[in-house]
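**Q** Next up, start_38.cif (mmCIF, C-alpha atoms).
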data_input
#
loop_
_atom_site.label_atom_id
_atom_site.label_comp_id
_atom_site.auth_asym_id
_atom_site.auth_seq_id
_atom_site.Cartn_x
_atom_site.Cartn_y
_atom_site.Cartn_z
CA MET U 284 22.52 -135.41 -4.57
CA ASN U 285 22.45 -131.64 -4.60
CA GLN U 286 23.11 -130.55 -1.05
CA ALA U 287 22.30 -126.93 -1.75
CA GLN U 288 18.84 -128.03 -2.88
CA ASN U 289 18.33 -130.26 0.16
CA ASP U 290 19.51 -127.68 2.63
CA PRO U 291 19.57 -124.23 1.06
CA GLY U 292 20.90 -122.53 4.19
CA ARG U 293 24.13 -124.46 4.14
CA SER U 294 27.12 -123.99 1.89
CA THR U 295 28.57 -127.01 0.18
CA ARG U 296 32.18 -127.87 -0.60
CA LEU U 297 31.33 -130.15 -3.52
CA PHE U 298 30.77 -128.81 -7.03
CA SER U 299 30.33 -130.26 -10.50
CA PHE U 300 31.67 -128.71 -13.68
CA ILE U 301 29.42 -129.88 -16.49
CA GLY U 302 30.47 -129.63 -20.14
CA GLY U 303 27.45 -129.65 -22.45
CA ALA U 304 24.93 -127.56 -24.31
CA THR U 305 24.07 -125.18 -21.47
CA GLY U 306 25.72 -122.93 -18.90
CA GLU U 307 26.76 -119.31 -18.51
CA TRP U 308 30.35 -120.02 -19.63
CA ARG U 309 31.01 -120.56 -23.34
CA VAL U 310 34.00 -122.76 -24.18
CA THR U 311 36.41 -120.99 -26.54
CA SER U 312 39.12 -123.67 -26.61
CA MET U 313 40.00 -127.07 -25.14
CA ALA U 314 43.56 -128.38 -25.36
CA ALA U 315 45.03 -131.59 -23.99
CA VAL U 316 48.36 -130.43 -22.56
CA ALA U 317 49.19 -133.97 -21.36
CA GLY U 318 47.35 -137.28 -21.65
CA ALA U 319 43.94 -137.99 -23.12
CA THR U 320 41.63 -135.12 -24.01
CA LEU U 321 38.00 -134.64 -22.99
CA ALA U 322 35.03 -134.65 -25.35
CA VAL U 323 34.30 -131.27 -26.94
CA ALA U 324 31.58 -129.27 -25.17
CA PRO U 325 30.22 -125.88 -26.27
CA ARG U 326 29.34 -124.61 -22.78
CA LEU U 327 30.15 -125.11 -19.10
CA LYS U 328 27.77 -125.10 -16.15
CA ILE U 329 28.89 -125.15 -12.51
CA VAL U 330 26.48 -126.64 -9.96
CA SER U 331 26.76 -127.53 -6.31
CA GLY U 332 26.73 -131.20 -5.40
CA ALA U 333 27.67 -134.30 -7.37
CA ALA U 334 26.18 -134.26 -10.86
CA THR U 335 26.52 -137.04 -13.43
CA ASP U 336 27.37 -136.56 -17.10
CA VAL U 337 24.01 -137.97 -18.27
CA GLY U 338 22.89 -135.85 -21.22
CA ASN U 339 26.16 -133.92 -21.29
CA ALA U 340 29.66 -134.39 -22.71
CA TRP U 341 31.24 -134.73 -19.27
CA ALA U 342 30.89 -133.83 -15.59
CA LEU U 343 33.92 -133.30 -13.38
CA ARG U 344 33.43 -133.19 -9.64
CA GLY U 345 35.68 -131.45 -7.13
CA ILE U 346 35.63 -130.54 -3.45
CA THR U 347 37.22 -127.59 -1.70
CA SER U 348 39.43 -128.70 1.14
CA ASN U 349 42.20 -127.72 3.54
CA GLU U 350 45.52 -126.49 2.26
CA ARG U 351 48.07 -129.20 1.59
CA TYR U 352 51.35 -127.25 1.25
CA VAL U 353 50.85 -123.59 2.10
CA THR U 354 52.59 -122.15 5.17
CA ARG U 355 51.22 -119.46 7.47
CA ASN U 356 53.35 -116.77 5.79
CA GLU U 357 52.25 -117.85 2.34
CA LYS U 358 48.61 -118.03 3.39
CA ASP U 359 48.76 -114.52 4.85
CA SER U 360 50.44 -113.18 1.68
CA LEU U 361 47.78 -114.80 -0.51
CA GLN U 362 44.92 -113.48 1.62
CA ALA U 363 46.36 -109.97 1.61
CA LYS U 364 46.50 -109.83 -2.21
CA GLN U 365 43.69 -112.02 -3.52
CA GLU U 366 40.19 -111.06 -4.57
CA GLY U 367 37.19 -113.34 -4.81
CA LEU U 368 35.59 -115.15 -7.69
CA GLY U 369 32.63 -113.56 -9.42
CA ARG U 370 34.03 -110.06 -10.01
CA PRO U 371 31.97 -108.34 -12.74
CA SER U 372 35.17 -107.72 -14.73
CA SER U 373 36.11 -111.42 -14.68
CA VAL U 374 34.47 -112.45 -17.94
CA ARG U 375 37.28 -114.82 -18.89
CA ALA U 376 37.94 -118.10 -17.11
CA ALA U 377 39.94 -121.29 -17.39
CA LEU U 378 39.21 -124.74 -16.02
CA ILE U 379 42.35 -126.87 -15.79
CA PRO U 380 41.82 -130.49 -14.69
CA ILE U 381 45.09 -132.19 -13.68
CA LYS U 382 46.17 -135.70 -12.76
CA LYS U 383 49.53 -136.37 -11.16
CA SER U 384 51.53 -139.59 -11.40
CA PRO U 385 51.61 -142.45 -8.86
CA GLU U 386 55.24 -141.43 -8.26
CA TRP U 387 54.08 -138.03 -6.97
CA TRP U 388 51.49 -139.54 -4.65
CA GLY U 389 54.05 -142.01 -3.29
CA LEU U 390 56.37 -139.22 -2.11
CA PRO U 391 56.29 -138.21 1.57
CA GLN U 392 54.93 -134.78 2.49
CA ASP U 393 58.30 -133.03 2.89
CA GLU U 394 59.49 -134.09 -0.58
CA ARG U 395 56.23 -133.04 -2.25
CA ARG U 396 56.38 -129.68 -0.47
CA ARG U 397 60.00 -129.16 -1.55
CA ILE U 398 59.15 -129.82 -5.22
CA PHE U 399 55.94 -127.73 -5.00
CA GLU U 400 57.45 -124.57 -3.54
CA GLU U 401 61.19 -124.59 -2.91
CA GLN U 402 61.87 -125.99 -6.42
CA SER U 403 58.80 -124.83 -8.37
CA ALA U 404 57.65 -121.65 -6.54
CA HIS U 405 54.03 -122.63 -7.12
CA VAL U 406 52.63 -120.23 -4.50
CA HIS U 407 55.00 -117.44 -5.46
CA ILE U 408 54.12 -117.68 -9.15
CA GLY U 409 50.44 -117.43 -8.24
CA LEU U 410 51.15 -114.43 -5.99
CA ASP U 411 52.79 -112.60 -8.92
CA PHE U 412 49.43 -112.59 -10.69
CA LEU U 413 47.24 -111.51 -7.77
CA PRO U 414 44.76 -109.95 -7.60
CA ALA U 415 44.31 -109.95 -11.41
CA ILE U 416 43.93 -113.72 -11.72
CA ALA U 417 41.59 -115.20 -9.11
CA ARG U 418 41.87 -118.92 -8.45
CA ARG U 419 40.08 -121.70 -6.61
CA LEU U 420 41.31 -125.27 -6.22
CA TYR U 421 38.95 -128.25 -6.10
CA HIS U 422 40.25 -131.69 -5.07
CA CYS U 423 39.03 -134.85 -6.81
CA ARG U 424 41.49 -137.60 -5.87
CA ASP U 425 39.85 -138.57 -2.58
CA LEU U 426 36.25 -138.34 -3.80
CA GLY U 427 36.62 -141.98 -4.79
CA PRO U 428 38.96 -144.48 -6.42
CA ASP U 429 37.87 -143.83 -10.01
CA GLU U 430 38.15 -140.07 -10.53
CA PRO U 431 39.69 -139.12 -13.90
CA PHE U 432 41.62 -136.16 -12.37
CA ASP U 433 43.24 -135.29 -9.04
CA PHE U 434 42.44 -131.55 -9.10
CA LEU U 435 40.37 -129.00 -10.93
CA THR U 436 41.71 -125.47 -10.86
CA TRP U 437 39.34 -122.65 -11.78
CA PHE U 438 40.75 -119.25 -12.76
CA GLU U 439 38.89 -115.97 -13.47
CA TYR U 440 40.27 -112.77 -14.98
CA ALA U 441 39.50 -109.78 -17.17
CA PRO U 442 40.07 -109.95 -20.95
CA ALA U 443 43.12 -107.67 -20.64
CA GLU U 444 44.79 -110.30 -18.43
CA THR U 445 44.69 -113.06 -21.04
CA ALA U 446 48.39 -112.79 -21.88
CA ALA U 447 49.23 -112.70 -18.17
CA PHE U 448 47.25 -115.91 -17.68
CA ASP U 449 49.16 -117.57 -20.53
CA ASP U 450 52.37 -116.51 -18.79
CA LEU U 451 51.17 -117.92 -15.44
CA VAL U 452 50.40 -121.38 -16.83
CA ALA U 453 53.60 -121.41 -18.92
CA ARG U 454 55.70 -120.73 -15.80
CA LEU U 455 53.96 -123.50 -13.85
CA ARG U 456 54.29 -125.96 -16.75
CA ALA U 457 58.04 -125.28 -16.96
CA SER U 458 58.51 -126.10 -13.24
CA PRO U 459 59.87 -129.34 -11.73
CA GLU U 460 56.44 -130.01 -10.21
CA TRP U 461 54.98 -130.41 -13.70
CA LYS U 462 57.21 -133.45 -14.40
CA PHE U 463 54.67 -135.27 -12.21
CA VAL U 464 51.63 -134.12 -14.22
CA CYS U 465 50.48 -137.02 -16.39
CA ARG U 466 47.17 -135.57 -17.62
CA GLU U 467 46.18 -131.93 -18.06
CA ILE U 468 43.39 -130.28 -20.05
CA ASP U 469 43.31 -126.52 -20.60
CA ILE U 470 39.74 -125.27 -21.10
CA ARG U 471 39.27 -121.54 -21.80
CA LEU U 472 35.93 -119.84 -21.32
CA VAL U 473 34.04 -116.58 -21.81
CA ARG U 474 31.17 -115.52 -19.57
CA ASP U 475 28.24 -115.36 -21.93
CA PRO U 476 24.90 -115.97 -20.23
CA ALA U 477 22.49 -117.42 -22.80
CA MET M 51 29.50 -149.94 -6.34
CA ASN M 52 31.98 -152.62 -5.42
CA GLN M 53 34.99 -151.99 -7.60
CA ALA M 54 36.73 -155.21 -6.58
CA GLN M 55 33.70 -157.12 -7.88
CA ASN M 56 33.57 -155.17 -11.13
CA ASP M 57 37.27 -155.52 -11.80
CA PRO M 58 38.79 -158.22 -9.63
CA GLY M 59 42.30 -157.65 -10.96
CA ARG M 60 42.40 -154.13 -9.59
CA SER M 61 42.81 -153.00 -6.03
CA THR M 62 40.54 -150.34 -4.67
CA ARG M 63 41.33 -147.53 -2.23
CA LEU M 64 37.76 -147.16 -0.98
CA PHE M 65 36.36 -149.35 1.80
CA SER M 66 33.21 -149.44 3.92
CA PHE M 67 33.09 -150.44 7.57
CA ILE M 68 29.60 -151.76 8.22
CA GLY M 69 28.22 -152.14 11.74
CA GLY M 70 25.39 -154.66 11.86
CA ALA M 71 24.42 -158.26 12.41
CA THR M 72 27.14 -159.86 10.29
CA GLY M 73 30.89 -159.75 9.74
CA GLU M 74 33.99 -161.57 10.93
CA TRP M 75 34.72 -159.00 13.67
CA ARG M 76 32.59 -159.09 16.83
CA VAL M 77 32.19 -155.75 18.62
CA THR M 78 33.23 -156.02 22.29
CA SER M 79 32.80 -152.35 23.20
CA MET M 80 31.85 -149.00 21.71
CA ALA M 81 32.68 -145.79 23.57
CA ALA M 82 32.10 -142.18 22.54
CA VAL M 83 35.35 -140.48 23.57
CA ALA M 84 34.14 -137.12 22.22
CA GLY M 85 30.91 -136.01 20.60
CA ALA M 86 27.87 -138.08 19.64
CA THR M 87 28.08 -141.87 19.74
CA LEU M 88 27.13 -144.33 17.00
CA ALA M 89 24.27 -146.85 17.18
CA VAL M 90 25.22 -150.13 18.86
CA ALA M 91 26.15 -152.90 16.43
CA PRO M 92 27.06 -156.49 17.36
CA ARG M 93 29.42 -157.12 14.43
CA LEU M 94 31.59 -155.36 11.86
CA LYS M 95 32.08 -156.20 8.20
CA ILE M 96 34.67 -154.54 5.97
CA VAL M 97 33.94 -154.43 2.23
CA SER M 98 35.59 -152.71 -0.70
CA GLY M 99 33.69 -149.90 -2.35
CA ALA M 100 31.04 -147.51 -1.04
CA ALA M 101 28.33 -149.38 0.88
CA THR M 102 25.22 -147.80 2.39
CA ASP M 103 23.87 -148.47 5.87
CA VAL M 104 20.61 -149.93 4.53
CA GLY M 105 19.72 -152.89 6.76
CA ASN M 106 22.62 -152.17 9.14
CA ALA M 107 23.26 -149.89 12.12
CA TRP M 108 25.79 -147.78 10.23
CA ALA M 109 28.28 -147.76 7.37
CA LEU M 110 31.41 -145.61 7.47
CA ARG M 111 33.36 -145.11 4.27
CA GLY M 112 37.04 -144.28 4.00
CA ILE M 113 39.70 -144.06 1.30
CA THR M 114 43.41 -144.71 1.56
CA SER M 115 45.41 -141.75 0.30
CA ASN M 116 48.80 -140.08 0.22
CA GLU M 117 50.57 -139.12 3.41
CA ARG M 118 49.70 -135.68 4.71
CA TYR M 119 52.43 -135.02 7.31
CA VAL M 120 55.05 -137.77 7.26
CA THR M 121 58.61 -136.91 6.19
CA ARG M 122 60.98 -139.18 4.26
CA ASN M 123 62.85 -140.13 7.46
CA GLU M 124 59.62 -140.92 9.28
CA LYS M 125 58.26 -142.90 6.35
CA ASP M 126 61.46 -144.96 6.15
CA SER M 127 61.37 -145.61 9.93
CA LEU M 128 57.73 -146.71 9.75
CA GLN M 129 58.36 -148.99 6.78
CA ALA M 130 61.38 -150.59 8.47
CA LYS M 131 59.37 -151.53 11.58
CA GLN M 132 55.78 -152.11 10.50
CA GLU M 133 54.03 -155.35 9.57
CA GLY M 134 50.89 -155.73 7.48
CA LEU M 135 47.27 -156.16 8.43
CA GLY M 136 45.83 -159.67 8.50
CA ARG M 137 48.48 -161.39 10.63
CA PRO M 138 47.02 -164.64 12.02
CA SER M 139 47.92 -163.48 15.56
CA SER M 140 46.01 -160.20 15.14
CA VAL M 141 42.68 -161.33 16.52
CA ARG M 142 42.00 -158.03 18.29
CA ALA M 143 41.21 -154.81 16.45
CA ALA M 144 39.98 -151.28 17.00
CA LEU M 145 38.14 -148.95 14.65
CA ILE M 146 38.47 -145.31 15.73
CA PRO M 147 36.48 -142.79 13.67
CA ILE M 148 37.58 -139.21 14.30
CA LYS M 149 36.38 -135.76 13.31
CA LYS M 150 38.54 -132.69 13.80
CA SER M 151 37.32 -129.14 14.32
CA PRO M 152 36.93 -126.42 11.67
CA GLU M 153 39.78 -124.62 13.50
CA TRP M 154 42.14 -127.51 12.67
CA TRP M 155 41.16 -127.55 9.01
CA GLY M 156 41.61 -123.79 8.77
CA LEU M 157 45.25 -123.97 9.84
CA PRO M 158 47.96 -123.85 7.17
CA GLN M 159 50.03 -126.97 6.51
CA ASP M 160 53.09 -125.95 8.54
CA GLU M 161 51.04 -125.25 11.67
CA ARG M 162 49.13 -128.55 11.41
CA ARG M 163 52.41 -130.42 10.90
CA ARG M 164 53.96 -128.70 13.95
CA ILE M 165 51.04 -129.68 16.19
CA PHE M 166 50.89 -133.21 14.72
CA GLU M 167 54.53 -134.14 15.19
CA GLU M 168 56.77 -131.52 16.82
CA GLN M 169 54.20 -130.93 19.61
CA SER M 170 52.32 -134.25 19.71
CA ALA M 171 54.85 -136.82 18.40
CA HIS M 172 52.05 -138.62 16.55
CA VAL M 173 54.39 -140.62 14.29
CA HIS M 174 56.86 -141.32 17.08
CA ILE M 175 54.16 -142.61 19.44
CA GLY M 176 52.98 -144.97 16.70
CA LEU M 177 56.57 -146.11 16.07
CA ASP M 178 56.94 -147.06 19.74
CA PHE M 179 54.23 -149.68 19.25
CA LEU M 180 55.48 -151.19 15.96
CA PRO M 181 55.34 -153.89 14.83
CA ALA M 182 52.96 -155.10 17.56
CA ILE M 183 50.13 -152.71 16.66
CA ALA M 184 49.47 -152.55 12.92
CA ARG M 185 47.56 -149.55 11.65
CA ARG M 186 45.89 -148.26 8.50
CA LEU M 187 44.42 -144.81 8.00
CA TYR M 188 41.36 -144.17 5.84
CA HIS M 189 40.36 -140.63 4.90
CA CYS M 190 36.70 -139.58 4.80
CA ARG M 191 36.67 -135.79 4.77
CA ASP M 192 37.09 -135.34 1.03
CA LEU M 193 34.74 -138.16 0.00
CA GLY M 194 32.00 -135.56 0.10
CA PRO M 195 30.61 -132.63 2.10
CA ASP M 196 28.44 -134.72 4.44
CA GLU M 197 30.75 -137.33 5.95
CA PRO M 198 30.24 -137.81 9.70
CA PHE M 199 33.99 -138.29 10.33
CA ASP M 200 37.26 -137.06 8.84
CA PHE M 201 39.28 -140.26 9.36
CA LEU M 202 38.83 -143.90 10.26
CA THR M 203 41.85 -145.54 11.82
CA TRP M 204 41.98 -149.32 11.92
CA PHE M 205 44.34 -151.09 14.34
CA GLU M 206 45.14 -154.82 14.65
CA TYR M 207 47.06 -156.58 17.40
CA ALA M 208 47.38 -159.78 19.42
CA PRO M 209 45.41 -160.20 22.70
CA ALA M 210 48.61 -159.77 24.74
CA GLU M 211 48.99 -156.24 23.28
CA THR M 212 45.66 -154.96 24.58
CA ALA M 213 47.24 -152.96 27.41
CA ALA M 214 49.82 -151.57 24.99
CA PHE M 215 47.02 -150.45 22.70
CA ASP M 216 45.28 -148.70 25.62
CA ASP M 217 48.58 -146.93 26.31
CA LEU M 218 48.95 -145.90 22.64
CA VAL M 219 45.52 -144.25 22.46
CA ALA M 220 45.94 -142.64 25.91
CA ARG M 221 49.21 -141.00 24.81
CA LEU M 222 47.62 -139.69 21.62
CA ARG M 223 44.54 -138.41 23.48
CA ALA M 224 46.77 -136.50 25.90
CA SER M 225 48.58 -134.71 23.04
CA PRO M 226 48.01 -131.12 21.85
CA GLU M 227 46.70 -132.51 18.53
CA TRP M 228 43.73 -134.03 20.35
CA LYS M 229 42.48 -130.57 21.42
CA PHE M 230 41.24 -130.37 17.81
CA VAL M 231 39.33 -133.68 17.96
CA CYS M 232 35.63 -132.88 18.29
CA ARG M 233 34.21 -136.38 17.75
CA GLU M 234 35.83 -139.74 18.44
CA ILE M 235 34.36 -143.23 18.82
CA ASP M 236 36.47 -146.12 20.15
CA ILE M 237 35.19 -149.46 18.83
CA ARG M 238 36.99 -152.60 20.04
CA LEU M 239 36.69 -155.89 18.21
CA VAL M 240 37.57 -159.57 18.31
CA ARG M 241 38.08 -161.66 15.20
CA ASP M 242 35.39 -164.26 15.43
CA PRO M 243 34.24 -165.60 12.05
CA ALA M 244 30.63 -166.72 12.35
#
Could you render the structure from this file as structure tokens?
**A**
Amino acid sequence: MNQAQNDPGRSTRLFSFIGGATGEWRVTSMAAVAGATLAVAPRLKIVSGAATDVGNAWALRGITSNERYVTRNEKDSLQAKQEGLGRPSSVRAALIPIKKSPEWWGLPQDERRRIFEEQSAHVHIGLDFLPAIARRLYHCRDLGPDEPFDFLTWFEYAPAETAAFDDLVARLRASPEWKFVCREIDIRLVRDPA
Amino acid sequence: MNQAQNDPGRSTRLFSFIGGATGEWRVTSMAAVAGATLAVAPRLKIVSGAATDVGNAWALRGITSNERYVTRNEKDSLQAKQEGLGRPSSVRAALIPIKKSPEWWGLPQDERRRIFEEQSAHVHIGLDFLPAIARRLYHCRDLGPDEPFDFLTWFEYAPAETAAFDDLVARLRASPEWKFVCREIDIRLVRDPA
């Protein structure tokens, strides 16, 4: 069901990232950082609503949601520095689907928060790269019991920020939080409308 | 899709609460505490997987998920006192679907936690009624963009605990957290296999 089609005046929270033959983003690389890879796809299309992978290599669904760890101070700092998606200069992007371990999900909120920020500085690492690297998080885990990933993170930046983006993901991957990541795919893209 | 049917060795996190003509729970009352009510249904059936309301009054879906606010100490206290669902003595139940306001969902994590526990004592009120009143929380909000509720809470207890249950929900409804509840239905049930 495509909610935007059914009710064009209303914004949706649910989006599908479709890997296949079409879409304005051209895939330049796909790397399995942890766990099983995804099928190779030449292009990526982003649509609102829940799409299936019929006729495509894959379709990953995600929903924007409330913040799970961020404090008021962190939220205010992020909002003061960040810029939106869709900047004309942002012709590079990355889609990083991630699944965390059952051990992570079994931890209580205070212990997950402590690993996320006090030990891993997840928000503060992201802040270091604002506004150059724009980011939006989509949640998958509670869409249903069979989702292949827990999150999809979408990043957009200018070509000159490519090395900075590599630095950003390297710092996150070296953090204690990443010990709980059991599957991660790193998909790099170039905006290239057909 | 009923995952338990497709793969009986695997447990699912997704359940549907179906109000209609059949089911082992007989509805004794339905009250709209806040917002619009639900259609009257004589019985309730709980099934695994995502069911539709076709042929029934309504179907509410929910998914069990990780804890959003509970600390390690609170989790340990809950686990030390609580008993499971399905006790033979638990022939009374309540299903309470709740929707919270956009204002609630826009708050950062630390402010929601403070309202939830430091101001409203949500966990501690629940602890006061353990093990008599067993409880399971199902999340709906991130199943998709069109869910009518954010949570379904299911409670089970013995007939002698009915007044205690009324006290439990009254204390929660008087808390600061409940200022953010914009829709709430209170459905009471008796186990009465047909």
**Q** Quick one: residues within 6 Å of range 430-445 of chain U, all atoms listed in the file, excluding same-chain residues fewer than 2 positions away - as number ranges by chain?
**A** U: 372-382, 416-424, 447-448
**Q** Residues of chain M within 12 Å of chain U, counting only C-alpha atoms, what are they? List them as a PyMOL selection string.
**A** chain M and resi 51-54+57+60-66+98-100+111-126+128+150-164+188-197+200
**Q** Residues within 10 Å of Gly73 in chain M, please, as a VMD selection string. Count only C-alpha atoms; anything in the same chain fewer than 3 positions from it doesn't count.
**A** chain M and resid 67 to 70 76 to 77 92 to 97 241 to 244
**Q** Have a look at M:Ala213, M:Ser127, M:Trp228, M:Gly136 and name the one nearest to Leu180 in chain M; count only C-alpha atoms.
**A** M:Ser127
**Q** For CA of Ala89 in chain M and CA of Lys229 in chain M, determine how far apart the two atoms are, in Å to one decimal place.
**A**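 Separation of CA of Ala89 in chain M and CA of Lys229 in chain M: 24.8 Å.
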**Q** Would you translate the PyMOL selection byres ((chain U and resi 399-405) around 7) into the concrete set of residues it matches in this file, as a PyMOL selection string?
**A** chain U and resi 395-398+406-409+455+458-460
**Q** One number please: CA of Arg471 in chain U to CA of Met313 in chain U, in Å, one decimal.
**A**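 We find that CA of Arg471 in chain U and CA of Met313 in chain U lie 6.5 Å from each other.
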**Q** Using CA of Thr78 in chain M and CA of Val240 in chain M as the two end points, give the distance in Å to one decimal.
**A** 6.9 Å
**Q** Residues around (26.8, -138.5, 18.9), cut-off 10 Å, counting all atoms listed in the file - what are they as a list in words?
**A**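 The requested residues, written out, are Ala82, Val83, Ala84, Gly85, Ala86, Thr87, Leu88, Ala89, Pro198, Arg233, Glu234 and Ile235 of chain M.
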**Q** Using the selection just defined, write its residues with C-alpha atoms as a JSON list (two decimals), in the coordinates of the input.
**A**
[["chain", "number", "residue", "atom", "x", "y", "z"],
["M", 82, "ALA", "CA", 32.10, -142.18, 22.54],
["M", 83, "VAL", "CA", 35.35, -140.48, 23.57],
["M", 84, "ALA", "CA", 34.14, -137.12, 22.22],
["M", 85, "GLY", "CA", 30.91, -136.01, 20.60],
["M", 86, "ALA", "CA", 27.87, -138.08, 19.64],
["M", 87, "THR", "CA", 28.08, -141.87, 19.74],
["M", 88, "LEU", "CA", 27.13, -144.33, 17.00],
["M", 89, "ALA", "CA", 24.27, -146.85, 17.18],
["M", 198, "PRO", "CA", 30.24, -137.81, 9.70],
["M", 233, "ARG", "CA", 34.21, -136.38, 17.75],
["M", 234, "GLU", "CA", 35.83, -139.74, 18.44],
["M", 235, "ILE", "CA", 34.36, -143.23, 18.82]]
